[in-house]
$ cat model25.pdb   # PDB, C-alpha atoms
ATOM      1  CA  MET S   1      -3.480  -5.935   7.556  1.00  0.00           C
ATOM      2  CA  VAL S   2      -3.619  -3.673   4.520  1.00  0.00           C
ATOM      3  CA  ILE S   3      -1.508  -4.750   1.533  1.00  0.00           C
ATOM      4  CA  VAL S   4      -0.460  -2.061  -0.928  1.00  0.00           C
ATOM      5  CA  GLY S   5       0.536  -3.061  -4.444  1.00  0.00           C
ATOM      6  CA  GLY S   6      -1.132  -5.205  -7.071  1.00  0.00           C
ATOM      7  CA  GLY S   7       2.029  -6.787  -8.426  1.00  0.00           C
ATOM      8  CA  ARG S   8       3.422 -10.284  -7.935  1.00  0.00           C
ATOM      9  CA  VAL S   9       4.070 -10.045  -4.201  1.00  0.00           C
ATOM     10  CA  GLY S  10       1.051  -8.028  -3.103  1.00  0.00           C
ATOM     11  CA  THR S  11      -1.394 -10.136  -5.095  1.00  0.00           C
ATOM     12  CA  ALA S  12       0.111 -13.417  -3.884  1.00  0.00           C
ATOM     13  CA  LEU S  13       0.011 -12.363  -0.234  1.00  0.00           C
ATOM     14  CA  ALA S  14      -3.561 -11.094  -0.486  1.00  0.00           C
ATOM     15  CA  LYS S  15      -4.673 -14.390  -2.025  1.00  0.00           C
ATOM     16  CA  LEU S  16      -2.979 -16.464   0.666  1.00  0.00           C
ATOM     17  CA  CYS S  17      -4.511 -14.334   3.420  1.00  0.00           C
ATOM     18  CA  GLU S  18      -7.937 -14.792   1.875  1.00  0.00           C
ATOM     19  CA  GLN S  19      -7.430 -18.560   1.694  1.00  0.00           C
ATOM     20  CA  HIS S  20      -6.576 -18.590   5.402  1.00  0.00           C
ATOM     21  CA  ARG S  21      -9.517 -16.327   6.242  1.00  0.00           C
ATOM     22  CA  LEU S  22      -7.365 -13.511   7.519  1.00  0.00           C
ATOM     23  CA  SER S  23      -8.791 -10.015   7.487  1.00  0.00           C
ATOM     24  CA  THR S  24      -6.854  -8.132   4.826  1.00  0.00           C
ATOM     25  CA  SER S  25      -7.544  -5.553   2.152  1.00  0.00           C
ATOM     26  CA  LEU S  26      -5.594  -4.968  -1.066  1.00  0.00           C
ATOM     27  CA  VAL S  27      -4.948  -1.425  -2.256  1.00  0.00           C
ATOM     28  CA  THR S  28      -3.782  -0.914  -5.837  1.00  0.00           C
ATOM     29  CA  ARG S  29      -3.462   2.062  -8.156  1.00  0.00           C
ATOM     30  CA  THR S  30      -7.054   1.617  -9.260  1.00  0.00           C
ATOM     31  CA  GLU S  31      -8.795  -0.041  -6.322  1.00  0.00           C
ATOM     32  CA  GLY S  32      -9.117   0.724  -2.624  1.00  0.00           C
ATOM     33  CA  LYS S  33      -7.457   3.370  -0.507  1.00  0.00           C
ATOM     34  CA  ILE S  34      -5.818   3.794   2.874  1.00  0.00           C
ATOM     35  CA  GLY S  35      -8.275   5.270   5.322  1.00  0.00           C
ATOM     36  CA  GLU S  36      -7.439   7.968   7.839  1.00  0.00           C
ATOM     37  CA  ASN S  37      -8.406   5.778  10.795  1.00  0.00           C
ATOM     38  CA  GLY S  38      -6.957   2.472  11.940  1.00  0.00           C
ATOM     39  CA  THR S  39      -3.903   0.975  13.578  1.00  0.00           C
ATOM     40  CA  GLU S  40      -3.340  -2.183  11.539  1.00  0.00           C
ATOM     41  CA  PRO S  41      -0.034  -2.614   9.676  1.00  0.00           C
ATOM     42  CA  ILE S  42       0.101  -1.436   6.069  1.00  0.00           C
ATOM     43  CA  LEU S  43       2.425  -3.697   4.084  1.00  0.00           C
ATOM     44  CA  VAL S  44       3.944  -1.700   1.231  1.00  0.00           C
ATOM     45  CA  THR S  45       4.946  -3.880  -1.734  1.00  0.00           C
ATOM     46  CA  VAL S  46       5.260  -1.224  -4.455  1.00  0.00           C
ATOM     47  CA  ARG S  47       8.446  -0.757  -6.466  1.00  0.00           C
ATOM     48  CA  ASN S  48      11.144   1.471  -5.039  1.00  0.00           C
ATOM     49  CA  ASP S  49      10.688   4.086  -7.746  1.00  0.00           C
ATOM     50  CA  ASP S  50       6.993   4.309  -6.852  1.00  0.00           C
ATOM     51  CA  LEU S  51       7.537   4.906  -3.124  1.00  0.00           C
ATOM     52  CA  SER S  52       7.458   8.704  -3.227  1.00  0.00           C
ATOM     53  CA  GLY S  53       4.308   8.833  -5.320  1.00  0.00           C
ATOM     54  CA  PHE S  54       2.633   6.323  -3.029  1.00  0.00           C
ATOM     55  CA  LEU S  55       3.622   8.149   0.141  1.00  0.00           C
ATOM     56  CA  ALA S  56       1.923  11.313  -1.056  1.00  0.00           C
ATOM     57  CA  SER S  57      -1.414   9.458  -0.977  1.00  0.00           C
ATOM     58  CA  VAL S  58      -1.044   8.200   2.609  1.00  0.00           C
ATOM     59  CA  PRO S  59      -2.801  10.169   5.380  1.00  0.00           C
ATOM     60  CA  GLN S  60      -0.236  11.639   7.765  1.00  0.00           C
ATOM     61  CA  GLN S  61      -1.706   9.847  10.785  1.00  0.00           C
ATOM     62  CA  ARG S  62      -1.258   6.434   9.112  1.00  0.00           C
ATOM     63  CA  ARG S  63       2.350   6.807   8.001  1.00  0.00           C
ATOM     64  CA  SER S  64       3.766   5.263  11.165  1.00  0.00           C
ATOM     65  CA  ASP S  65       1.870   2.053  10.293  1.00  0.00           C
ATOM     66  CA  LEU S  66       3.642   1.616   6.944  1.00  0.00           C
ATOM     67  CA  VAL S  67       5.760  -1.541   6.690  1.00  0.00           C
ATOM     68  CA  PHE S  68       8.451  -1.519   3.995  1.00  0.00           C
ATOM     69  CA  VAL S  69       9.746  -4.718   2.383  1.00  0.00           C
ATOM     70  CA  GLN S  70      11.662  -3.361  -0.612  1.00  0.00           C
ATOM     71  CA  ASN S  71      15.049  -4.683  -1.670  1.00  0.00           C
ATOM     72  CA  GLY S  72      17.870  -2.214  -2.193  1.00  0.00           C
ATOM     73  CA  MET S  73      19.206   0.574  -0.013  1.00  0.00           C
ATOM     74  CA  ILE S  74      16.059   2.476   0.972  1.00  0.00           C
ATOM     75  CA  ARG S  75      17.451   3.848   4.258  1.00  0.00           C
ATOM     76  CA  PRO S  76      18.283   7.294   2.838  1.00  0.00           C
ATOM     77  CA  TRP S  77      14.771   7.603   1.397  1.00  0.00           C
ATOM     78  CA  LEU S  78      13.202   6.545   4.678  1.00  0.00           C
ATOM     79  CA  ALA S  79      15.297   9.054   6.609  1.00  0.00           C
ATOM     80  CA  ALA S  80      14.481  11.869   4.204  1.00  0.00           C
ATOM     81  CA  ASN S  81      10.771  11.203   4.689  1.00  0.00           C
ATOM     82  CA  GLY S  82      10.803  10.804   8.465  1.00  0.00           C
ATOM     83  CA  LEU S  83      10.171   7.056   8.280  1.00  0.00           C
ATOM     84  CA  SER S  84      13.385   5.659   9.773  1.00  0.00           C
ATOM     85  CA  GLU S  85      11.540   4.145  12.744  1.00  0.00           C
ATOM     86  CA  ASN S  86       8.937   2.350  10.630  1.00  0.00           C
ATOM     87  CA  THR S  87       8.692  -1.424  10.561  1.00  0.00           C
ATOM     88  CA  ARG S  88      10.808  -3.042   7.856  1.00  0.00           C
ATOM     89  CA  GLY S  89      11.241  -6.516   6.483  1.00  0.00           C
ATOM     90  CA  LEU S  90      13.103  -8.467   3.838  1.00  0.00           C
ATOM     91  CA  LEU S  91      11.083 -11.103   2.015  1.00  0.00           C
ATOM     92  CA  TYR S  92      12.672 -14.498   1.553  1.00  0.00           C
ATOM     93  CA  PHE S  93      10.144 -16.096  -0.737  1.00  0.00           C
ATOM     94  CA  ALA S  94       9.857 -16.041  -4.506  1.00  0.00           C
ATOM     95  CA  VAL S  95       6.902 -15.290  -6.770  1.00  0.00           C
ATOM     96  CA  ALA S  96       7.799 -16.070 -10.383  1.00  0.00           C
ATOM     97  CA  LYS S  97       4.996 -14.087 -11.968  1.00  0.00           C
ATOM     98  CA  ARG S  98       1.740 -12.412 -11.051  1.00  0.00           C
ATOM     99  CA  GLY S  99      -0.797 -15.036 -10.054  1.00  0.00           C
ATOM    100  CA  ASP S 100       1.734 -17.664  -9.012  1.00  0.00           C
ATOM    101  CA  PRO S 101       1.853 -18.865  -5.394  1.00  0.00           C
ATOM    102  CA  PRO S 102       4.928 -17.897  -3.366  1.00  0.00           C
ATOM    103  CA  VAL S 103       7.756 -20.395  -3.027  1.00  0.00           C
ATOM    104  CA  PRO S 104       8.919 -20.270   0.611  1.00  0.00           C
ATOM    105  CA  GLY S 105      12.533 -19.688   1.538  1.00  0.00           C
ATOM    106  CA  PRO S 106      14.144 -19.010   4.922  1.00  0.00           C
ATOM    107  CA  PRO S 107      12.035 -17.066   7.455  1.00  0.00           C
ATOM    108  CA  SER S 108      11.737 -13.417   6.448  1.00  0.00           C
ATOM    109  CA  PRO S 109      13.281 -11.026   9.031  1.00  0.00           C
ATOM    110  CA  PHE S 110      11.266  -8.061  10.346  1.00  0.00           C
ATOM    111  CA  VAL S 111      12.096  -5.277  12.755  1.00  0.00           C
ATOM    112  CA  GLY S 112       9.917  -2.593  14.326  1.00  0.00           C
ATOM    113  CA  ALA S 113       6.602  -2.118  16.098  1.00  0.00           C
ATOM    114  CA  HIS S 114       4.519  -4.130  13.626  1.00  0.00           C
ATOM    115  CA  ALA S 115       7.091  -6.907  13.224  1.00  0.00           C
ATOM    116  CA  PRO S 116       5.342  -9.429  15.532  1.00  0.00           C
ATOM    117  CA  ALA S 117       1.996  -8.951  13.748  1.00  0.00           C
ATOM    118  CA  ILE S 118       3.494  -9.362  10.286  1.00  0.00           C
ATOM    119  CA  VAL S 119       5.512 -12.412  11.322  1.00  0.00           C
ATOM    120  CA  SER S 120       2.390 -13.984  12.829  1.00  0.00           C
ATOM    121  CA  ILE S 121       0.549 -13.506   9.530  1.00  0.00           C
ATOM    122  CA  LEU S 122       3.415 -14.969   7.503  1.00  0.00           C
ATOM    123  CA  GLU S 123       3.566 -17.971   9.802  1.00  0.00           C
ATOM    124  CA  THR S 124      -0.174 -18.492   9.451  1.00  0.00           C
ATOM    125  CA  ILE S 125      -0.061 -18.480   5.649  1.00  0.00           C
ATOM    126  CA  GLY S 126       2.920 -20.836   5.547  1.00  0.00           C
ATOM    127  CA  LEU S 127       5.715 -18.488   4.511  1.00  0.00           C
ATOM    128  CA  GLY S 128       7.627 -18.046   7.758  1.00  0.00           C
ATOM    129  CA  GLY S 129       9.040 -14.978   9.430  1.00  0.00           C
ATOM    130  CA  ARG S 130      11.132 -13.920  12.396  1.00  0.00           C
ATOM    131  CA  VAL S 131      11.408 -10.821  14.550  1.00  0.00           C
ATOM    132  CA  VAL S 132      14.973  -9.524  14.768  1.00  0.00           C
ATOM    133  CA  SER S 133      16.780  -6.690  16.518  1.00  0.00           C
ATOM    134  CA  PRO S 134      17.716  -3.486  14.669  1.00  0.00           C
ATOM    135  CA  ALA S 135      21.386  -4.548  14.705  1.00  0.00           C
ATOM    136  CA  ALA S 136      20.571  -7.975  13.265  1.00  0.00           C
ATOM    137  CA  PHE S 137      18.349  -6.426  10.599  1.00  0.00           C
ATOM    138  CA  THR S 138      21.137  -4.103   9.481  1.00  0.00           C
ATOM    139  CA  GLN S 139      23.391  -7.119   8.998  1.00  0.00           C
ATOM    140  CA  VAL S 140      20.913  -9.044   6.878  1.00  0.00           C
ATOM    141  CA  GLU S 141      19.990  -5.859   4.991  1.00  0.00           C
ATOM    142  CA  LEU S 142      23.608  -5.407   3.915  1.00  0.00           C
ATOM    143  CA  GLU S 143      23.965  -9.091   3.073  1.00  0.00           C
ATOM    144  CA  LYS S 144      20.911  -9.153   0.833  1.00  0.00           C
ATOM    145  CA  LEU S 145      21.912  -5.870  -0.803  1.00  0.00           C
ATOM    146  CA  ILE S 146      25.330  -7.296  -1.616  1.00  0.00           C
ATOM    147  CA  TRP S 147      23.830 -10.511  -2.954  1.00  0.00           C
ATOM    148  CA  ASN S 148      21.464  -8.623  -5.260  1.00  0.00           C
ATOM    149  CA  CYS S 149      24.148  -6.209  -6.477  1.00  0.00           C
ATOM    150  CA  ALA S 150      27.117  -8.543  -6.775  1.00  0.00           C
ATOM    151  CA  PHE S 151      25.329 -11.455  -8.419  1.00  0.00           C
ATOM    152  CA  GLY S 152      23.185  -9.201 -10.607  1.00  0.00           C
ATOM    153  CA  LEU S 153      26.319  -7.516 -11.946  1.00  0.00           C
ATOM    154  CA  MET S 154      28.293 -10.740 -12.318  1.00  0.00           C
ATOM    155  CA  CYS S 155      25.439 -12.529 -14.084  1.00  0.00           C
ATOM    156  CA  GLU S 156      24.908  -9.736 -16.569  1.00  0.00           C
ATOM    157  CA  ALA S 157      28.616  -9.220 -17.243  1.00  0.00           C
ATOM    158  CA  THR S 158      29.446 -12.919 -17.703  1.00  0.00           C
ATOM    159  CA  GLY S 159      26.161 -14.362 -18.978  1.00  0.00           C
ATOM    160  CA  ALA S 160      26.278 -16.922 -16.172  1.00  0.00           C
ATOM    161  CA  THR S 161      23.610 -18.017 -13.723  1.00  0.00           C
ATOM    162  CA  VAL S 162      24.121 -17.306 -10.030  1.00  0.00           C
ATOM    163  CA  GLY S 163      25.287 -20.863  -9.475  1.00  0.00           C
ATOM    164  CA  GLU S 164      27.724 -20.664 -12.361  1.00  0.00           C
ATOM    165  CA  VAL S 165      29.084 -17.385 -10.998  1.00  0.00           C
ATOM    166  CA  VAL S 166      30.015 -19.232  -7.812  1.00  0.00           C
ATOM    167  CA  ASP S 167      31.587 -22.192  -9.602  1.00  0.00           C
ATOM    168  CA  LEU S 168      33.250 -20.432 -12.540  1.00  0.00           C
ATOM    169  CA  HIS S 169      34.017 -16.908 -11.318  1.00  0.00           C
ATOM    170  CA  GLY S 170      34.630 -17.408  -7.614  1.00  0.00           C
ATOM    171  CA  GLU S 171      37.808 -15.338  -7.319  1.00  0.00           C
ATOM    172  CA  GLU S 172      36.344 -12.303  -9.068  1.00  0.00           C
ATOM    173  CA  LEU S 173      33.128 -12.657  -7.075  1.00  0.00           C
ATOM    174  CA  ALA S 174      35.038 -12.714  -3.777  1.00  0.00           C
ATOM    175  CA  ALA S 175      36.933  -9.554  -4.699  1.00  0.00           C
ATOM    176  CA  LEU S 176      33.715  -7.800  -5.705  1.00  0.00           C
ATOM    177  CA  VAL S 177      31.917  -8.782  -2.504  1.00  0.00           C
ATOM    178  CA  ASN S 178      34.848  -7.584  -0.385  1.00  0.00           C
ATOM    179  CA  GLU S 179      34.709  -4.202  -2.132  1.00  0.00           C
ATOM    180  CA  MET S 180      31.011  -3.939  -1.344  1.00  0.00           C
ATOM    181  CA  ILE S 181      31.499  -5.017   2.263  1.00  0.00           C
ATOM    182  CA  ALA S 182      34.036  -2.222   2.801  1.00  0.00           C
ATOM    183  CA  VAL S 183      31.593   0.422   1.520  1.00  0.00           C
ATOM    184  CA  GLY S 184      28.625  -1.053   3.376  1.00  0.00           C
ATOM    185  CA  GLU S 185      30.468  -1.287   6.682  1.00  0.00           C
ATOM    186  CA  ARG S 186      31.512   2.337   6.544  1.00  0.00           C
ATOM    187  CA  GLU S 187      28.158   3.718   5.456  1.00  0.00           C
ATOM    188  CA  LEU S 188      26.117   1.660   7.928  1.00  0.00           C
ATOM    189  CA  GLY S 189      28.601   1.891  10.777  1.00  0.00           C
ATOM    190  CA  ILE S 190      28.856  -1.863  11.304  1.00  0.00           C
ATOM    191  CA  THR S 191      31.241  -4.764  10.952  1.00  0.00           C
ATOM    192  CA  ALA S 192      29.737  -7.338   8.619  1.00  0.00           C
ATOM    193  CA  ASP S 193      29.085 -10.751  10.103  1.00  0.00           C
ATOM    194  CA  SER S 194      31.702 -13.336   9.196  1.00  0.00           C
ATOM    195  CA  GLY S 195      30.716 -15.807   6.516  1.00  0.00           C
ATOM    196  CA  LEU S 196      28.755 -13.316   4.404  1.00  0.00           C
ATOM    197  CA  LEU S 197      30.343 -14.455   1.145  1.00  0.00           C
ATOM    198  CA  GLU S 198      29.873 -18.114   2.013  1.00  0.00           C
ATOM    199  CA  ARG S 199      26.177 -17.617   2.777  1.00  0.00           C
ATOM    200  CA  CYS S 200      25.660 -15.718  -0.475  1.00  0.00           C
ATOM    201  CA  CYS S 201      27.347 -18.530  -2.396  1.00  0.00           C
ATOM    202  CA  ALA S 202      25.332 -21.220  -0.625  1.00  0.00           C
ATOM    203  CA  TYR S 203      22.068 -19.423  -1.433  1.00  0.00           C
ATOM    204  CA  SER S 204      23.128 -19.056  -5.069  1.00  0.00           C
ATOM    205  CA  ARG S 205      23.856 -22.763  -5.331  1.00  0.00           C
ATOM    206  CA  ASP S 206      20.363 -23.457  -3.957  1.00  0.00           C
ATOM    207  CA  ILE S 207      18.856 -21.467  -6.858  1.00  0.00           C
ATOM    208  CA  TYR S 208      21.572 -22.434  -9.323  1.00  0.00           C
ATOM    209  CA  ALA S 209      19.691 -21.611 -12.545  1.00  0.00           C
ATOM    210  CA  TYR S 210      18.533 -18.130 -11.519  1.00  0.00           C
ATOM    211  CA  ARG S 211      20.069 -15.349 -13.596  1.00  0.00           C
ATOM    212  CA  GLY S 212      20.418 -11.967 -11.933  1.00  0.00           C
ATOM    213  CA  ALA S 213      20.702  -8.571 -13.603  1.00  0.00           C
ATOM    214  CA  VAL S 214      21.620  -4.976 -12.846  1.00  0.00           C
ATOM    215  CA  LYS S 215      18.416  -3.097 -12.004  1.00  0.00           C
ATOM    216  CA  GLU S 216      16.999  -0.391  -9.745  1.00  0.00           C
ATOM    217  CA  TRP S 217      20.306   1.428 -10.226  1.00  0.00           C
ATOM    218  CA  VAL S 218      19.782   4.219  -7.698  1.00  0.00           C
ATOM    219  CA  TRP S 219      18.787   1.755  -4.984  1.00  0.00           C
ATOM    220  CA  ARG S 220      21.408  -0.915  -5.693  1.00  0.00           C
ATOM    221  CA  ASN S 221      24.713  -0.694  -7.589  1.00  0.00           C
ATOM    222  CA  GLY S 222      24.400   3.057  -7.962  1.00  0.00           C
ATOM    223  CA  TRP S 223      24.348   3.382  -4.173  1.00  0.00           C
ATOM    224  CA  PHE S 224      27.762   1.720  -3.997  1.00  0.00           C
ATOM    225  CA  VAL S 225      29.118   3.979  -6.756  1.00  0.00           C
ATOM    226  CA  GLU S 226      27.826   7.086  -5.002  1.00  0.00           C
ATOM    227  CA  ARG S 227      29.013   6.070  -1.528  1.00  0.00           C
ATOM    228  CA  SER S 228      32.392   4.564  -2.415  1.00  0.00           C
ATOM    229  CA  ARG S 229      34.147   7.971  -2.495  1.00  0.00           C
ATOM    230  CA  ASP S 230      37.786   7.308  -1.476  1.00  0.00           C
ATOM    231  CA  LEU S 231      37.247   3.539  -1.294  1.00  0.00           C
ATOM    232  CA  GLU S 232      38.298   2.104  -4.628  1.00  0.00           C
ATOM    233  CA  MET S 233      36.076  -0.534  -6.232  1.00  0.00           C
ATOM    234  CA  PRO S 234      38.149  -1.697  -9.231  1.00  0.00           C
ATOM    235  CA  VAL S 235      36.256  -4.943  -9.826  1.00  0.00           C
ATOM    236  CA  HIS S 236      32.875  -3.224  -9.604  1.00  0.00           C
ATOM    237  CA  SER S 237      34.056  -0.436 -11.926  1.00  0.00           C
ATOM    238  CA  HIS S 238      35.526  -2.897 -14.449  1.00  0.00           C
ATOM    239  CA  LEU S 239      32.321  -4.936 -14.623  1.00  0.00           C
ATOM    240  CA  LEU S 240      30.220  -1.795 -15.043  1.00  0.00           C
ATOM    241  CA  GLN S 241      32.498  -0.678 -17.888  1.00  0.00           C
ATOM    242  CA  ARG S 242      32.006  -4.032 -19.605  1.00  0.00           C
ATOM    243  CA  LEU S 243      28.270  -3.359 -19.559  1.00  0.00           C
ATOM    244  CA  GLY S 244      28.597   0.257 -20.623  1.00  0.00           C
ATOM    245  CA  LEU S 245      27.274   1.463 -17.257  1.00  0.00           C
ATOM    246  CA  ASP S 246      30.376   3.203 -15.952  1.00  0.00           C
ATOM    247  CA  GLY S 247      29.430   6.626 -14.599  1.00  0.00           C
ATOM    248  CA  ARG S 248      25.703   6.017 -14.926  1.00  0.00           C
ATOM    249  CA  THR S 249      23.714   8.212 -12.538  1.00  0.00           C
ATOM    250  CA  ALA S 250      20.108   7.151 -13.121  1.00  0.00           C
TER     251      ALA S 250
END

$ encode --input "model25.pdb" --output "structure tokens"
Amino acid sequence: MVIVGGGRVGTALAKLCEQHRLSTSLVTRTEGKIGENGTEPILVTVRNDDLSGFLASVPQQRRSDLVFVQNGMIRPWLAANGLSENTRGLLYFAVAKRGDPPVPGPPSPFVGAHAPAIVSILETIGLGGRVVSPAAFTQVELEKLIWNCAFGLMCEATGATVGEVVDLHGEELAALVNEMIAVGERELGITADSGLLERCCAYSRDIYAYRGAVKEWVWRNGWFVERSRDLEMPVHSHLLQRLGLDGRTA
């Protein structure tokens, strides 16, 4: 496997693979490059805003081997770049800062041609993974997007941790999540699995002291603003106004 990105996640994964004597190479902005030949998966861990710049450096014949694990709604970007069929995953482990070992969470879901290989590697290094269907991945993609966006916004607007948001602002949180579900269902053409809010709340109680924030606007909350159109999102709009972000486009 090739790992792209020298940040928290890429560095941690490369170190674990080395410890388990797995054949991997780490490509960063200053070291290594993706060769024109090969068929191994290329795990892309760069930030969303760096995706376009990174893609320009990838040989055309290797682009189908790219595996994307970014949070946020990257589907439009993938489609625009002819990468909709590429392997994707959502990482359910935490790395507090660069150099720290990952803290495992639930098995990370992957879908696509390289999914079995990536899951096998994650299992070997003790992080856990699972291969899922495209339909199942879409469900978990929406769920994680909503968790990031709803709790990030609620935490920043109220000053609460994710656990406190659940315990102290449950009614407002539920209304916000329902607004996001309505937009997500329409844009992705799905019906969200039942229990989405409950699972988000349970996860937040597990990491009670974590404090989210509004970030990666275009890929997260901004996507909901752009795609809401005729679907009103009064709670989302009110919270954005409290933070002075109403109408933000970048």

$ residues_around --input "model25.pdb" --residues "Gly99 in chain S" --least-positions-apart "6" --cutoff "10 Å" --atoms "all atoms listed in the file" --output "VMD selection string"
chain S and resid 7 to 9 11 to 12 15

$ resolve_selection --input "model25.pdb" --expression "the PyMOL selection byres ((chain S and resi 34) around 12)" --output "ChimeraX atom specification"
/S:1-5,25-29,31-33,35-44,54-63,65-66

$ atom_distance --input "model25.pdb" --atom1 "CA of Pro134 in chain S" --atom2 "CA of Gly112 in chain S"
7.9 Å

$ resolve_selection --input "model25.pdb" --expression "the PyMOL selection byres ((chain S and resi 149-156) around 10)" --output "PDB file with C-alpha atoms, keeping the file's coordinate frame"
ATOM      1  CA  GLY S  72      17.870  -2.214  -2.193  1.00  0.00           C
ATOM      2  CA  GLU S 143      23.965  -9.091   3.073  1.00  0.00           C
ATOM      3  CA  LYS S 144      20.911  -9.153   0.833  1.00  0.00           C
ATOM      4  CA  LEU S 145      21.912  -5.870  -0.803  1.00  0.00           C
ATOM      5  CA  ILE S 146      25.330  -7.296  -1.616  1.00  0.00           C
ATOM      6  CA  TRP S 147      23.830 -10.511  -2.954  1.00  0.00           C
ATOM      7  CA  ASN S 148      21.464  -8.623  -5.260  1.00  0.00           C
ATOM      8  CA  ALA S 157      28.616  -9.220 -17.243  1.00  0.00           C
ATOM      9  CA  THR S 158      29.446 -12.919 -17.703  1.00  0.00           C
ATOM     10  CA  GLY S 159      26.161 -14.362 -18.978  1.00  0.00           C
ATOM     11  CA  ALA S 160      26.278 -16.922 -16.172  1.00  0.00           C
ATOM     12  CA  THR S 161      23.610 -18.017 -13.723  1.00  0.00           C
ATOM     13  CA  VAL S 162      24.121 -17.306 -10.030  1.00  0.00           C
ATOM     14  CA  GLY S 163      25.287 -20.863  -9.475  1.00  0.00           C
ATOM     15  CA  GLU S 164      27.724 -20.664 -12.361  1.00  0.00           C
ATOM     16  CA  VAL S 165      29.084 -17.385 -10.998  1.00  0.00           C
ATOM     17  CA  VAL S 166      30.015 -19.232  -7.812  1.00  0.00           C
ATOM     18  CA  HIS S 169      34.017 -16.908 -11.318  1.00  0.00           C
ATOM     19  CA  GLU S 172      36.344 -12.303  -9.068  1.00  0.00           C
ATOM     20  CA  LEU S 173      33.128 -12.657  -7.075  1.00  0.00           C
ATOM     21  CA  ALA S 174      35.038 -12.714  -3.777  1.00  0.00           C
ATOM     22  CA  LEU S 176      33.715  -7.800  -5.705  1.00  0.00           C
ATOM     23  CA  VAL S 177      31.917  -8.782  -2.504  1.00  0.00           C
ATOM     24  CA  GLU S 179      34.709  -4.202  -2.132  1.00  0.00           C
ATOM     25  CA  MET S 180      31.011  -3.939  -1.344  1.00  0.00           C
ATOM     26  CA  CYS S 200      25.660 -15.718  -0.475  1.00  0.00           C
ATOM     27  CA  CYS S 201      27.347 -18.530  -2.396  1.00  0.00           C
ATOM     28  CA  SER S 204      23.128 -19.056  -5.069  1.00  0.00           C
ATOM     29  CA  TYR S 210      18.533 -18.130 -11.519  1.00  0.00           C
ATOM     30  CA  ARG S 211      20.069 -15.349 -13.596  1.00  0.00           C
ATOM     31  CA  GLY S 212      20.418 -11.967 -11.933  1.00  0.00           C
ATOM     32  CA  ALA S 213      20.702  -8.571 -13.603  1.00  0.00           C
ATOM     33  CA  VAL S 214      21.620  -4.976 -12.846  1.00  0.00           C
ATOM     34  CA  LYS S 215      18.416  -3.097 -12.004  1.00  0.00           C
ATOM     35  CA  GLU S 216      16.999  -0.391  -9.745  1.00  0.00           C
ATOM     36  CA  TRP S 217      20.306   1.428 -10.226  1.00  0.00           C
ATOM     37  CA  TRP S 219      18.787   1.755  -4.984  1.00  0.00           C
ATOM     38  CA  ARG S 220      21.408  -0.915  -5.693  1.00  0.00           C
ATOM     39  CA  ASN S 221      24.713  -0.694  -7.589  1.00  0.00           C
ATOM     40  CA  GLY S 222      24.400   3.057  -7.962  1.00  0.00           C
ATOM     41  CA  TRP S 223      24.348   3.382  -4.173  1.00  0.00           C
ATOM     42  CA  PHE S 224      27.762   1.720  -3.997  1.00  0.00           C
ATOM     43  CA  HIS S 236      32.875  -3.224  -9.604  1.00  0.00           C
ATOM     44  CA  LEU S 239      32.321  -4.936 -14.623  1.00  0.00           C
ATOM     45  CA  LEU S 240      30.220  -1.795 -15.043  1.00  0.00           C
ATOM     46  CA  ARG S 242      32.006  -4.032 -19.605  1.00  0.00           C
ATOM     47  CA  LEU S 243      28.270  -3.359 -19.559  1.00  0.00           C
TER      48      LEU S 243
END

$ closest_residue --input "model25.pdb" --among "S:Val183, S:Ile74, S:Val235, S:Val67" --to "Ala117 in chain S" --atoms "only C-alpha atoms"
S:Val67

$ axis_aligned_box --input "model25.pdb" --around "range 22-37 of chain S" --padding-each-side "5 Å" --output "JSON"
{"center_x": -6.3, "center_y": -2.8, "center_z": 0.8, "size_x": 15.7, "size_y": 31.5, "size_z": 30.1}

$ atom_distance --input "model25.pdb" --atom1 "CA of Val225 in chain S" --atom2 "CA of Ala80 in chain S"
19.9 Å

$ atom_distance --input "model25.pdb" --atom1 "CA of Pro116 in chain S" --atom2 "CA of Val132 in chain S"
9.7 Å

$ closest_residue --input "model25.pdb" --among "S:His238, S:His20, S:Arg199, S:Arg186" --to "Glu123 in chain S" --atoms "all atoms listed in the file"
S:His20

$ residues_around --input "model25.pdb" --residues "Ile121 in chain S" --least-positions-apart "5" --cutoff "12 Å" --atoms "only C-alpha atoms" --output "list of chain:residue names"
S:Met1, S:Val2, S:Leu13, S:Ala14, S:Leu16, S:Cys17, S:Glu18, S:His20, S:Arg21, S:Leu22, S:Ser23, S:Thr24, S:Pro41, S:Leu43, S:Ser108, S:His114, S:Ala115, S:Pro116, S:Gly126, S:Leu127, S:Gly128, S:Gly129, S:Arg130

$ resolve_selection --input "model25.pdb" --expression "the PyMOL selection byres ((chain S and resi 84-96) around 6)" --output "ChimeraX atom specification"
/S:64,67-69,78-79,82-83,97,102-106,108-114

$ decode --input "model25.pdb" --residues "range 74-78 of chain S" --atoms "N, CA and C atoms" --output "mmCIF file, in the first residue's frame"
data_model
loop_
_atom_site.group_PDB
_atom_site.id
_atom_site.type_symbol
_atom_site.label_atom_id
_atom_site.label_comp_id
_atom_site.auth_asym_id
_atom_site.auth_seq_id
_atom_site.Cartn_x
_atom_site.Cartn_y
_atom_site.Cartn_z
ATOM 1 N N ILE S 74 -17.568 14.669 -0.170
ATOM 2 C CA ILE S 74 -16.630 14.754 -1.282
ATOM 3 C C ILE S 74 -17.196 14.152 -2.563
ATOM 4 N N ARG S 75 -18.422 13.644 -2.528
ATOM 5 C CA ARG S 75 -19.007 13.021 -3.724
ATOM 6 C C ARG S 75 -19.010 13.946 -4.943
ATOM 7 N N PRO S 76 -19.429 15.200 -4.810
ATOM 8 C CA PRO S 76 -19.412 16.068 -5.991
ATOM 9 C C PRO S 76 -18.010 16.234 -6.579
ATOM 10 N N TRP S 77 -17.008 16.348 -5.715
ATOM 11 C CA TRP S 77 -15.631 16.480 -6.196
ATOM 12 C C TRP S 77 -15.195 15.206 -6.911
ATOM 13 N N LEU S 78 -15.508 14.069 -6.342
ATOM 14 C CA LEU S 78 -15.153 12.805 -6.980
ATOM 15 C C LEU S 78 -15.804 12.696 -8.356
#
